[in-house]
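The file data01.txt contains compact mmCIF, C-alpha atoms:
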# COMPACT_ATOMS: atom_id res chain seq x y z
CA MET A 1 98.85 126.77 123.23
CA PRO A 2 101.42 126.04 120.56
CA ALA A 3 101.68 122.54 119.21
CA THR A 4 104.41 120.77 121.10
CA THR A 5 104.54 117.44 119.41
CA ASN A 6 104.32 116.12 115.93
CA ALA A 7 101.92 113.35 116.74
CA ARG A 8 98.76 112.51 118.51
CA PRO A 9 97.56 109.31 120.10
CA SER A 10 96.08 107.02 117.54
CA ASP A 11 93.56 104.30 117.59
CA ALA A 12 96.00 101.90 115.94
CA PRO A 13 96.81 98.74 117.85
CA ALA A 14 99.77 99.25 120.22
CA ALA A 15 101.85 96.60 118.45
CA ILE A 16 102.04 98.63 115.26
CA ARG A 17 102.43 102.07 116.78
CA LEU A 18 105.71 103.77 116.10
CA SER A 19 106.89 106.64 118.26
CA PRO A 20 108.39 109.68 116.51
CA ASP A 21 111.71 108.84 118.24
CA TRP A 22 111.85 105.41 116.63
CA LEU A 23 110.46 106.67 113.33
CA ALA A 24 113.16 109.38 113.16
CA THR A 25 115.83 106.79 113.97
CA LEU A 26 114.45 104.38 111.38
CA LEU A 27 114.28 107.03 108.65
CA ALA A 28 117.80 108.25 109.47
CA GLY A 29 118.97 104.62 109.33
CA VAL A 30 117.41 104.15 105.88
CA LEU A 31 119.01 107.38 104.62
CA ALA A 32 122.39 106.35 106.08
CA ALA A 33 122.08 102.91 104.46
CA LEU A 34 121.29 104.55 101.11
CA ALA A 35 124.30 106.86 101.49
CA TRP A 36 126.53 103.92 102.47
CA GLY A 37 125.32 101.94 99.46
CA GLY A 38 125.96 104.88 97.14
CA LEU A 39 122.24 105.17 96.38
CA LEU A 40 121.64 108.56 97.97
CA PRO A 41 121.85 111.34 95.40
CA HIS A 42 124.15 114.23 96.24
CA VAL A 43 122.45 116.58 98.72
CA GLY A 44 123.48 120.19 98.52
CA TRP A 45 122.77 123.05 100.88
CA MET B 1 111.05 114.74 123.94
CA SER B 2 107.49 113.71 123.91
CA ASP B 3 106.13 110.25 124.23
CA ALA B 4 103.34 110.76 121.76
CA THR B 5 102.90 108.12 119.16
CA LEU B 6 102.41 108.16 115.44
CA GLY B 7 99.67 105.81 114.49
CA ILE B 8 100.67 103.55 111.67
CA SER B 9 97.46 101.83 110.86
CA GLY B 10 97.27 98.59 109.02
CA ARG B 11 94.56 100.07 106.80
CA ASP B 12 96.08 101.63 103.71
CA ASP B 13 93.31 104.18 103.29
CA THR B 14 93.85 105.53 106.82
CA LEU B 15 97.62 105.66 106.37
CA LEU B 16 97.24 107.34 102.99
CA ALA B 17 94.68 109.81 104.34
CA ARG B 18 96.97 110.66 107.25
CA GLY B 19 99.93 111.10 104.94
CA LEU B 20 97.96 113.35 102.61
CA ALA B 21 96.72 115.42 105.54
CA LEU B 22 100.34 116.22 106.40
CA LEU B 23 101.25 117.51 102.93
CA PRO B 24 99.91 121.11 103.08
CA GLY B 25 101.65 121.78 106.42
CA LEU B 26 104.87 120.16 105.22
CA ALA B 27 104.79 122.33 102.11
CA LEU B 28 104.29 125.39 104.33
CA LEU B 29 107.25 124.40 106.55
CA GLY B 30 109.40 123.93 103.45
CA ALA B 31 108.29 127.22 101.88
CA ILE B 32 108.90 129.26 105.04
CA GLY B 33 112.23 127.60 105.81
CA TYR B 34 113.38 128.06 102.22
CA ALA B 35 112.24 131.69 102.22
CA GLY B 36 114.46 132.16 105.29
CA LYS B 37 117.39 130.59 103.45
CA LEU B 38 116.77 132.79 100.38
CA THR B 39 116.63 135.88 102.61
CA GLU B 40 120.00 135.05 104.17
CA GLY B 41 121.49 134.51 100.71
CA ALA B 42 119.94 137.71 99.31
CA ILE B 43 121.30 139.85 102.16
CA THR B 44 124.78 138.36 101.80
CA ALA B 45 124.68 138.86 98.00
CA TRP B 46 123.50 142.48 98.41
CA GLY B 47 126.36 143.17 100.82
CA LYS B 48 128.87 141.71 98.37
CA ALA B 49 127.41 143.54 95.35
CA HIS B 50 127.49 146.88 97.17
CA ALA B 51 130.77 146.16 98.96
CA THR B 52 128.93 146.90 102.20
CA PRO B 53 129.53 144.81 105.29
CA VAL B 54 126.19 143.40 106.47
CA PRO B 55 125.69 141.30 109.59
CA ASN B 56 125.36 137.62 108.75
CA ILE B 57 121.89 136.82 110.00
CA GLU B 58 121.38 133.08 109.65
CA TYR B 59 118.31 131.71 107.85
CA VAL B 60 117.24 130.30 111.22
CA LEU B 61 116.12 133.69 112.50
CA TRP B 62 114.29 134.54 109.24
CA ALA B 63 112.48 131.19 109.16
CA ILE B 64 111.34 131.62 112.76
CA LEU B 65 110.34 135.25 112.20
CA TYR B 66 108.31 134.48 109.06
CA GLY B 67 106.58 131.65 110.90
CA LEU B 68 105.85 133.89 113.90
CA VAL B 69 104.35 136.61 111.71
CA ILE B 70 102.16 134.18 109.77
CA ALA B 71 100.95 132.41 112.92
CA ASN B 72 100.29 135.53 114.96
CA VAL B 73 99.07 137.99 112.33
CA PHE B 74 97.08 135.73 110.00
CA GLY B 75 96.81 132.48 111.96
CA VAL B 76 97.60 129.01 110.65
CA PRO B 77 94.56 127.59 108.78
CA ARG B 78 93.39 124.19 109.96
CA VAL B 79 94.47 122.44 106.76
CA PHE B 80 98.14 123.18 107.52
CA ARG B 81 98.16 122.27 111.23
CA ALA B 82 98.80 118.51 111.03
CA GLY B 83 101.83 119.00 108.82
CA VAL B 84 103.18 121.92 110.84
CA ALA B 85 102.93 119.81 114.00
CA THR B 86 105.53 117.40 112.55
CA TYR B 87 108.32 119.88 113.30
CA GLU B 88 109.56 117.97 116.32
CA PHE B 89 109.88 114.86 114.18
CA TRP B 90 112.17 116.76 111.79
CA LEU B 91 114.17 117.97 114.77
CA LYS B 92 114.74 114.38 115.90
CA LEU B 93 115.62 113.26 112.37
CA GLY B 94 118.08 116.18 112.09
CA ILE B 95 119.71 115.27 115.40
CA VAL B 96 120.07 111.57 114.51
CA LEU B 97 121.60 112.45 111.11
CA LEU B 98 123.94 114.93 112.79
CA GLY B 99 125.47 111.90 114.52
CA VAL B 100 127.59 111.28 111.38
CA ARG B 101 129.48 114.51 112.08
CA PHE B 102 130.66 113.33 115.50
CA LEU B 103 133.37 110.83 116.21
CA LEU B 104 132.24 108.61 119.05
CA GLY B 105 135.34 109.57 121.05
CA ASP B 106 134.31 113.24 120.85
CA VAL B 107 130.78 112.33 121.87
CA LEU B 108 132.05 110.45 124.91
CA ARG B 109 134.61 113.12 125.87
CA LEU B 110 132.28 116.09 125.35
CA GLY B 111 129.29 114.09 126.54
CA GLY B 112 131.29 113.36 129.72
CA THR B 113 132.11 117.05 130.22
CA SER B 114 128.51 117.93 129.37
CA LEU B 115 127.24 115.28 131.76
CA LEU B 116 129.16 116.81 134.67
CA LEU B 117 127.81 120.24 133.78
CA VAL B 118 124.33 118.81 133.21
CA ALA B 119 124.41 117.27 136.70
CA ALA B 120 125.36 120.64 138.19
CA GLU B 121 122.76 122.41 136.04
CA LEU B 122 120.04 119.95 137.06
CA ALA B 123 120.73 120.45 140.75
CA ALA B 124 120.94 124.24 140.42
CA SER B 125 117.78 124.47 138.29
CA ILE B 126 115.71 122.34 140.63
CA LEU B 127 116.89 124.25 143.72
CA ILE B 128 116.44 127.70 142.16
CA MET B 129 113.02 126.97 140.65
CA THR B 130 111.72 125.32 143.80
CA TRP B 131 112.89 128.19 145.99
CA LEU B 132 111.49 130.86 143.66
CA GLY B 133 108.22 129.01 143.07
CA ASN B 134 107.60 128.61 146.79
CA ARG B 135 108.58 132.21 147.43
CA PHE B 136 106.02 133.44 144.86
CA GLY B 137 103.37 131.13 146.27
CA LEU B 138 102.88 129.02 143.13
CA ARG B 139 100.99 125.73 143.41
CA PRO B 140 103.46 122.92 144.38
CA LYS B 141 102.84 120.88 141.22
CA LEU B 142 103.35 123.95 139.02
CA VAL B 143 106.66 124.44 140.84
CA SER B 144 107.57 120.80 140.08
CA LEU B 145 106.70 121.25 136.40
CA LEU B 146 108.73 124.46 136.11
CA ALA B 147 111.68 122.77 137.83
CA ILE B 148 111.43 119.75 135.50
CA GLY B 149 111.03 121.96 132.40
CA SER B 150 113.94 124.23 133.26
CA SER B 151 116.27 121.47 134.39
CA ILE B 152 115.92 119.12 131.41
CA CYS B 153 114.06 119.24 128.21
CA GLY B 154 111.52 122.00 128.30
CA VAL B 155 108.17 121.13 126.84
CA SER B 156 108.80 117.42 126.32
CA ALA B 157 109.90 116.89 129.92
CA ILE B 158 106.80 118.67 131.16
CA ILE B 159 104.62 116.46 128.94
CA ALA B 160 106.49 113.36 130.15
CA ALA B 161 105.93 114.39 133.77
CA ARG B 162 102.28 115.39 133.37
CA GLY B 163 100.88 111.90 133.89
CA ALA B 164 103.58 110.78 136.31
CA ILE B 165 102.86 113.50 138.86
CA ARG B 166 99.16 113.89 137.94
CA ALA B 167 99.50 117.60 137.26
CA ARG B 168 96.52 119.80 136.39
CA ASP B 169 96.16 120.76 132.72
CA GLU B 170 96.16 124.41 133.70
CA ASP B 171 99.57 124.03 135.40
CA VAL B 172 100.92 122.11 132.41
CA ALA B 173 99.79 124.92 130.08
CA LEU B 174 101.33 127.55 132.36
CA ALA B 175 104.67 125.75 132.61
CA ILE B 176 104.81 125.09 128.85
CA GLY B 177 103.89 128.71 128.12
CA ALA B 178 106.66 130.01 130.39
CA ILE B 179 109.25 127.67 128.83
CA LEU B 180 108.23 128.66 125.28
CA LEU B 181 108.24 132.36 126.14
CA LEU B 182 111.79 132.05 127.41
CA GLY B 183 112.76 129.88 124.45
CA ALA B 184 111.65 132.66 122.10
CA ALA B 185 113.55 135.27 124.13
CA SER B 186 116.68 133.11 124.20
CA LEU B 187 116.76 133.01 120.40
CA LEU B 188 117.30 136.75 120.38
CA LEU B 189 119.45 137.12 123.49
CA PHE B 190 121.87 134.19 123.50
CA PRO B 191 123.60 134.82 120.14
CA VAL B 192 124.02 138.52 121.02
CA ILE B 193 125.47 137.71 124.46
CA GLY B 194 127.69 135.01 122.95
CA HIS B 195 129.14 137.45 120.42
CA LEU B 196 129.52 140.26 122.97
CA ALA B 197 131.33 137.91 125.36
CA GLY B 198 133.59 136.75 122.54
CA MET B 199 132.72 133.10 123.14
CA GLY B 200 134.16 130.37 120.93
CA ASP B 201 131.87 128.03 118.98
CA HIS B 202 132.36 125.14 121.40
CA ALA B 203 131.82 127.14 124.58
CA TYR B 204 128.80 128.96 123.14
CA GLY B 205 127.24 125.71 121.88
CA LEU B 206 127.73 124.03 125.23
CA TRP B 207 126.25 127.01 127.06
CA VAL B 208 123.17 127.10 124.82
CA GLY B 209 122.72 123.34 125.18
CA LEU B 210 122.79 123.70 128.95
CA ALA B 211 120.76 126.88 129.40
CA VAL B 212 118.06 126.86 126.69
CA ASP B 213 115.33 124.49 127.72
CA ASN B 214 113.53 123.41 124.59
CA THR B 215 115.56 121.31 122.14
CA ALA B 216 114.29 123.10 119.00
CA GLU B 217 115.15 126.53 120.42
CA ALA B 218 118.53 125.31 121.72
CA THR B 219 119.40 123.98 118.24
CA ALA B 220 118.18 127.23 116.63
CA ALA B 221 120.09 129.45 119.08
CA GLY B 222 123.22 127.39 118.35
CA ALA B 223 122.71 127.57 114.57
CA MET B 224 122.29 131.36 114.74
CA PHE B 225 125.86 131.54 116.04
CA SER B 226 127.52 129.03 113.73
CA ASP B 227 127.22 125.49 112.38
CA GLU B 228 129.87 124.30 114.80
CA ALA B 229 128.07 125.92 117.73
CA ALA B 230 124.85 124.17 116.64
CA ARG B 231 126.65 120.79 116.74
CA TYR B 232 127.83 121.40 120.29
CA ALA B 233 124.46 122.77 121.37
CA VAL B 234 122.79 119.61 120.05
CA LEU B 235 125.32 117.38 121.82
CA ALA B 236 124.94 119.14 125.18
CA LYS B 237 121.16 119.30 124.85
CA THR B 238 120.94 115.63 123.86
CA THR B 239 122.99 114.70 126.92
CA ARG B 240 120.56 116.72 129.01
CA ASN B 241 117.57 115.07 127.32
CA ALA B 242 118.98 111.65 128.14
CA THR B 243 118.54 112.38 131.85
CA ILE B 244 114.82 113.04 131.46
CA GLY B 245 113.77 109.68 132.94
CA PHE B 246 115.77 110.12 136.14
CA VAL B 247 114.37 113.54 136.96
CA VAL B 248 110.78 112.62 136.10
CA LEU B 249 111.17 109.41 138.11
CA GLY B 250 112.45 111.42 141.09
CA TYR B 251 109.45 113.75 140.97
CA ALA B 252 107.03 110.85 140.38
CA LEU B 253 108.38 109.08 143.48
CA TYR B 254 108.17 112.33 145.47
CA TRP B 255 104.50 112.86 144.58
CA ALA B 256 103.62 109.15 144.85
CA ALA B 257 104.96 109.22 148.44
CA ARG B 258 102.37 111.95 149.09
CA GLY B 259 99.63 109.88 147.49
CA GLU B 260 99.33 112.32 144.56
CA GLY B 261 101.31 110.73 141.75
CA GLU B 262 101.50 107.71 139.49
CA ARG B 263 102.41 104.51 141.35
CA ILE B 264 105.79 103.37 140.05
CA GLY B 265 106.19 99.61 139.65
CA ASN B 266 109.31 98.69 137.70
CA LYS B 267 111.71 101.65 137.85
CA ALA B 268 113.90 100.38 134.99
CA ALA B 269 110.83 100.09 132.74
CA PHE B 270 109.79 103.61 133.76
CA LEU B 271 113.25 104.98 132.87
CA TRP B 272 113.23 103.19 129.50
CA ALA B 273 109.73 104.45 128.71
CA LYS B 274 110.83 108.05 129.32
CA PHE B 275 114.22 107.73 127.60
CA PRO B 276 114.38 109.68 124.30
CA LYS B 277 115.08 106.80 121.91
CA PHE B 278 116.43 108.95 119.08
CA VAL B 279 119.56 109.43 121.22
CA LEU B 280 120.35 105.79 120.38
CA GLY B 281 120.07 106.56 116.66
CA PHE B 282 122.42 109.53 117.11
CA LEU B 283 124.98 107.32 118.90
CA LEU B 284 124.65 104.56 116.28
CA LEU B 285 125.36 106.92 113.36
CA SER B 286 128.24 108.44 115.31
CA LEU B 287 129.64 104.91 115.86
CA LEU B 288 129.29 104.05 112.15
CA ALA B 289 131.02 107.30 111.15
CA THR B 290 133.80 106.58 113.66
CA LEU B 291 134.28 103.12 112.17
CA GLY B 292 134.73 104.74 108.76
CA ALA B 293 131.52 103.40 107.26
CA PHE B 294 130.96 106.62 105.29
CA SER B 295 133.14 108.51 102.84
CA LYS B 296 133.65 112.26 103.26
CA ALA B 297 131.12 112.93 100.48
CA GLN B 298 128.54 110.64 102.10
CA ILE B 299 129.00 112.37 105.45
CA GLY B 300 128.53 115.69 103.65
CA ASP B 301 125.27 114.46 102.09
CA LEU B 302 123.87 113.17 105.39
CA ALA B 303 124.91 116.37 107.20
CA ALA B 304 123.17 118.42 104.49
CA LEU B 305 120.02 116.32 104.99
CA SER B 306 120.27 117.08 108.71
CA ARG B 307 120.35 120.83 107.92
CA TRP B 308 117.26 120.48 105.68
CA ALA B 309 115.46 118.68 108.51
CA PHE B 310 116.41 121.52 110.89
CA LEU B 311 115.18 124.05 108.33
CA LEU B 312 111.70 122.49 108.55
CA THR B 313 111.99 122.47 112.36
CA PHE B 314 112.79 126.17 112.65
CA ALA B 315 109.87 127.13 110.41
CA GLY B 316 107.67 124.98 112.68
CA VAL B 317 108.98 126.70 115.82
CA GLY B 318 107.81 130.06 114.49
CA LEU B 319 104.49 128.75 113.20
CA SER B 320 103.76 127.01 116.53
CA THR B 321 104.53 129.95 118.82
CA ASP B 322 101.31 131.66 119.78
CA LEU B 323 102.33 134.97 121.35
CA ARG B 324 98.80 135.72 122.58
CA ALA B 325 98.68 132.42 124.49
CA LEU B 326 102.08 133.21 126.00
CA LYS B 327 100.90 136.67 127.05
CA ALA B 328 97.92 135.19 128.84
CA GLN B 329 100.02 133.11 131.25
CA GLY B 330 99.82 135.46 134.21
CA TRP B 331 102.73 137.32 135.73
CA ARG B 332 103.72 135.10 138.66
CA PRO B 333 104.74 131.89 136.83
CA VAL B 334 106.43 134.00 134.16
CA THR B 335 108.32 135.99 136.81
CA VAL B 336 109.48 132.79 138.47
CA ALA B 337 110.47 131.25 135.14
CA VAL B 338 112.26 134.39 133.89
CA SER B 339 114.22 134.98 137.11
CA GLY B 340 115.00 131.28 137.54
CA MET B 341 116.19 130.79 134.00
CA ALA B 342 118.20 134.02 134.01
CA ALA B 343 119.98 132.74 137.14
CA ILE B 344 120.55 129.36 135.45
CA ALA B 345 121.87 131.08 132.30
CA VAL B 346 124.36 133.08 134.40
CA LEU B 347 125.49 130.01 136.37
CA THR B 348 125.92 127.82 133.28
CA PHE B 349 127.74 130.67 131.51
CA ALA B 350 130.22 130.84 134.40
CA ALA B 351 130.59 127.04 134.43
CA VAL B 352 131.21 126.85 130.67
CA VAL B 353 133.77 129.68 130.77
CA ALA B 354 135.53 127.88 133.64
CA VAL B 355 135.55 124.59 131.71
CA GLU B 356 136.88 126.38 128.62
CA ARG B 357 139.69 128.01 130.66
CA LEU B 358 140.59 124.59 132.10
CA GLY B 359 141.06 123.38 128.53
CA LEU B 360 138.31 120.76 128.74
CA LEU B 361 136.56 121.87 125.53
Hey, can you dump this file as structure tokens for me?
Amino acid sequence: MPATTNARPSDAPAAIRLSPDWLATLLAGVLAALAWGGLLPHVGW
Amino acid sequence: MSDATLGISGRDDTLLARGLALLPGLALLGAIGYAGKLTEGAITAWGKAHATPVPNIEYVLWAILYGLVIANVFGVPRVFRAGVATYEFWLKLGIVLLGVRFLLGDVLRLGGTSLLLVAAELAASILIMTWLGNRFGLRPKLVSLLAIGSSICGVSAIIAARGAIRARDEDVALAIGAILLLGAASLLLFPVIGHLAGMGDHAYGLWVGLAVDNTAEATAAGAMFSDEAARYAVLAKTTRNATIGFVVLGYALYWAARGEGERIGNKAAFLWAKFPKFVLGFLLLSLLATLGAFSKAQIGDLAALSRWAFLLTFAGVGLSTDLRALKAQGWRPVTVAVSGMAAIAVLTFAAVVAVERLGLL
């Protein structure tokens, strides 16, 4: 069966577990903050 | 989307080891996605150099094809698997970042239109799948899983429902296999149908977002048509994903009433637990962009980052599709899924065309 998720349950305590949803939101927030602050280098495509 | 968790351990060595274990797979995702991008560029350049019109085949298709060939001809060595499995994370990151390219007003207006269509699509999918599943004599819980998978969010919805309705692993595998099989087929069929029908970017994107069940495949099928279509596909699909909790809750209550499902205590907590949280990130970035927090250049940079994240996702879709496993699903669930989803695709196509004619897009 193909992998369907990027993560697997961990043995870390629940309090410091971070779901991929929150992690993606957090990372996007950091990138947006860097862009807003003029600290994100130009990203081409 | 799935509810799986990333373990962030307090122990640096574990965190470091986990991070390092992801690197080979991430490099593979990047290499395959970039090879797809280079292929698209090379074909376009060849056409220009020889003054020959060549069809513009987006890098999306190449990235998925390369991944499929590697996974199904050679297999993905164990060392790459952890990194390859991060593809859904990149999908979520790409969707959140894409929020900067939407004004909140557009999100609310199109989200509202999408929501009406999503409600109709949900009802139609559940009715069609239940009728077909019963007609073909599938096990009742497999029918529930197929209905959940086809009505909302494909694989993630099935995973979210697995515990709630206490489904058998075999049924979960069958339902996921059928959804992925159709996701792969939709990548080839939807762009062709969209072009043949002369659909506009908005209508096509909305249709894909409503009819393709897995978010990664819906985004890819949109991106194969155009960037603008991908934006609309993501918006419609995200709206659909946001309803995941309600549908899973409905099925959980149905099976709990028959003594065969998870007992639901606090319904609000259940809905929140199943809600795809990255939708909030998408809305937040859309709000910030609407408030003018970013310059045009900054929006361009964040949108480009979103495309790079999708590039990794599409490579992962190909690498994670095991055609042999899909072939082994058995004909009855696949027949139900194929006929049900074809009917849903036709119905949503008609609905989107009607909405477009009414000037609501």
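Of the residues under consideration (B:Leu145, B:Val118, B:Leu288, B:Ala233), B:Ala233 shows the shortest atom-to-atom contact distance to Gly209 (chain B) when counting all atoms listed in the file.
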Would you list the contacts of Leu39 (chain A) as a PyMOL selection string, taking every protein, DNA or RNA residue within 12 Å and counting all atoms listed in the file, but skipping same-chain residues closer than 4 positions in sequence? (chain A and resi 30-35+43) or (chain B and resi 298+301)
Using all atoms listed in the file, determine which residues lie at most 7 Å from Ile152 (chain B), disregarding the query and same-chain residues fewer than 4 positions distant; provide the list as number ranges by chain. B: 148, 157, 213, 240-241, 244
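One finds CA of Ala252 (chain B) at 26.6 Å from CA of Gly112 (chain B).
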Would you kindly return, as an MDAnalysis selection string, each protein, DNA or RNA residue with an atom no farther than 10 Å from any atom of region 131-134 of chain B, considering all atoms listed in the file and excluding same-chain residues fewer than 6 positions away? chainID B and resid 125 140:144 146:147 332:333 335:337 339:340
Counting only C-alpha atoms, I want the residues whose atoms come within 12 Å of (116.7, 107.3, 119.5) in the file frame, returned as a PyMOL selection string. (chain A and resi 19-29) or (chain B and resi 1+3+89+91-97+99+238+241-242+272-285)
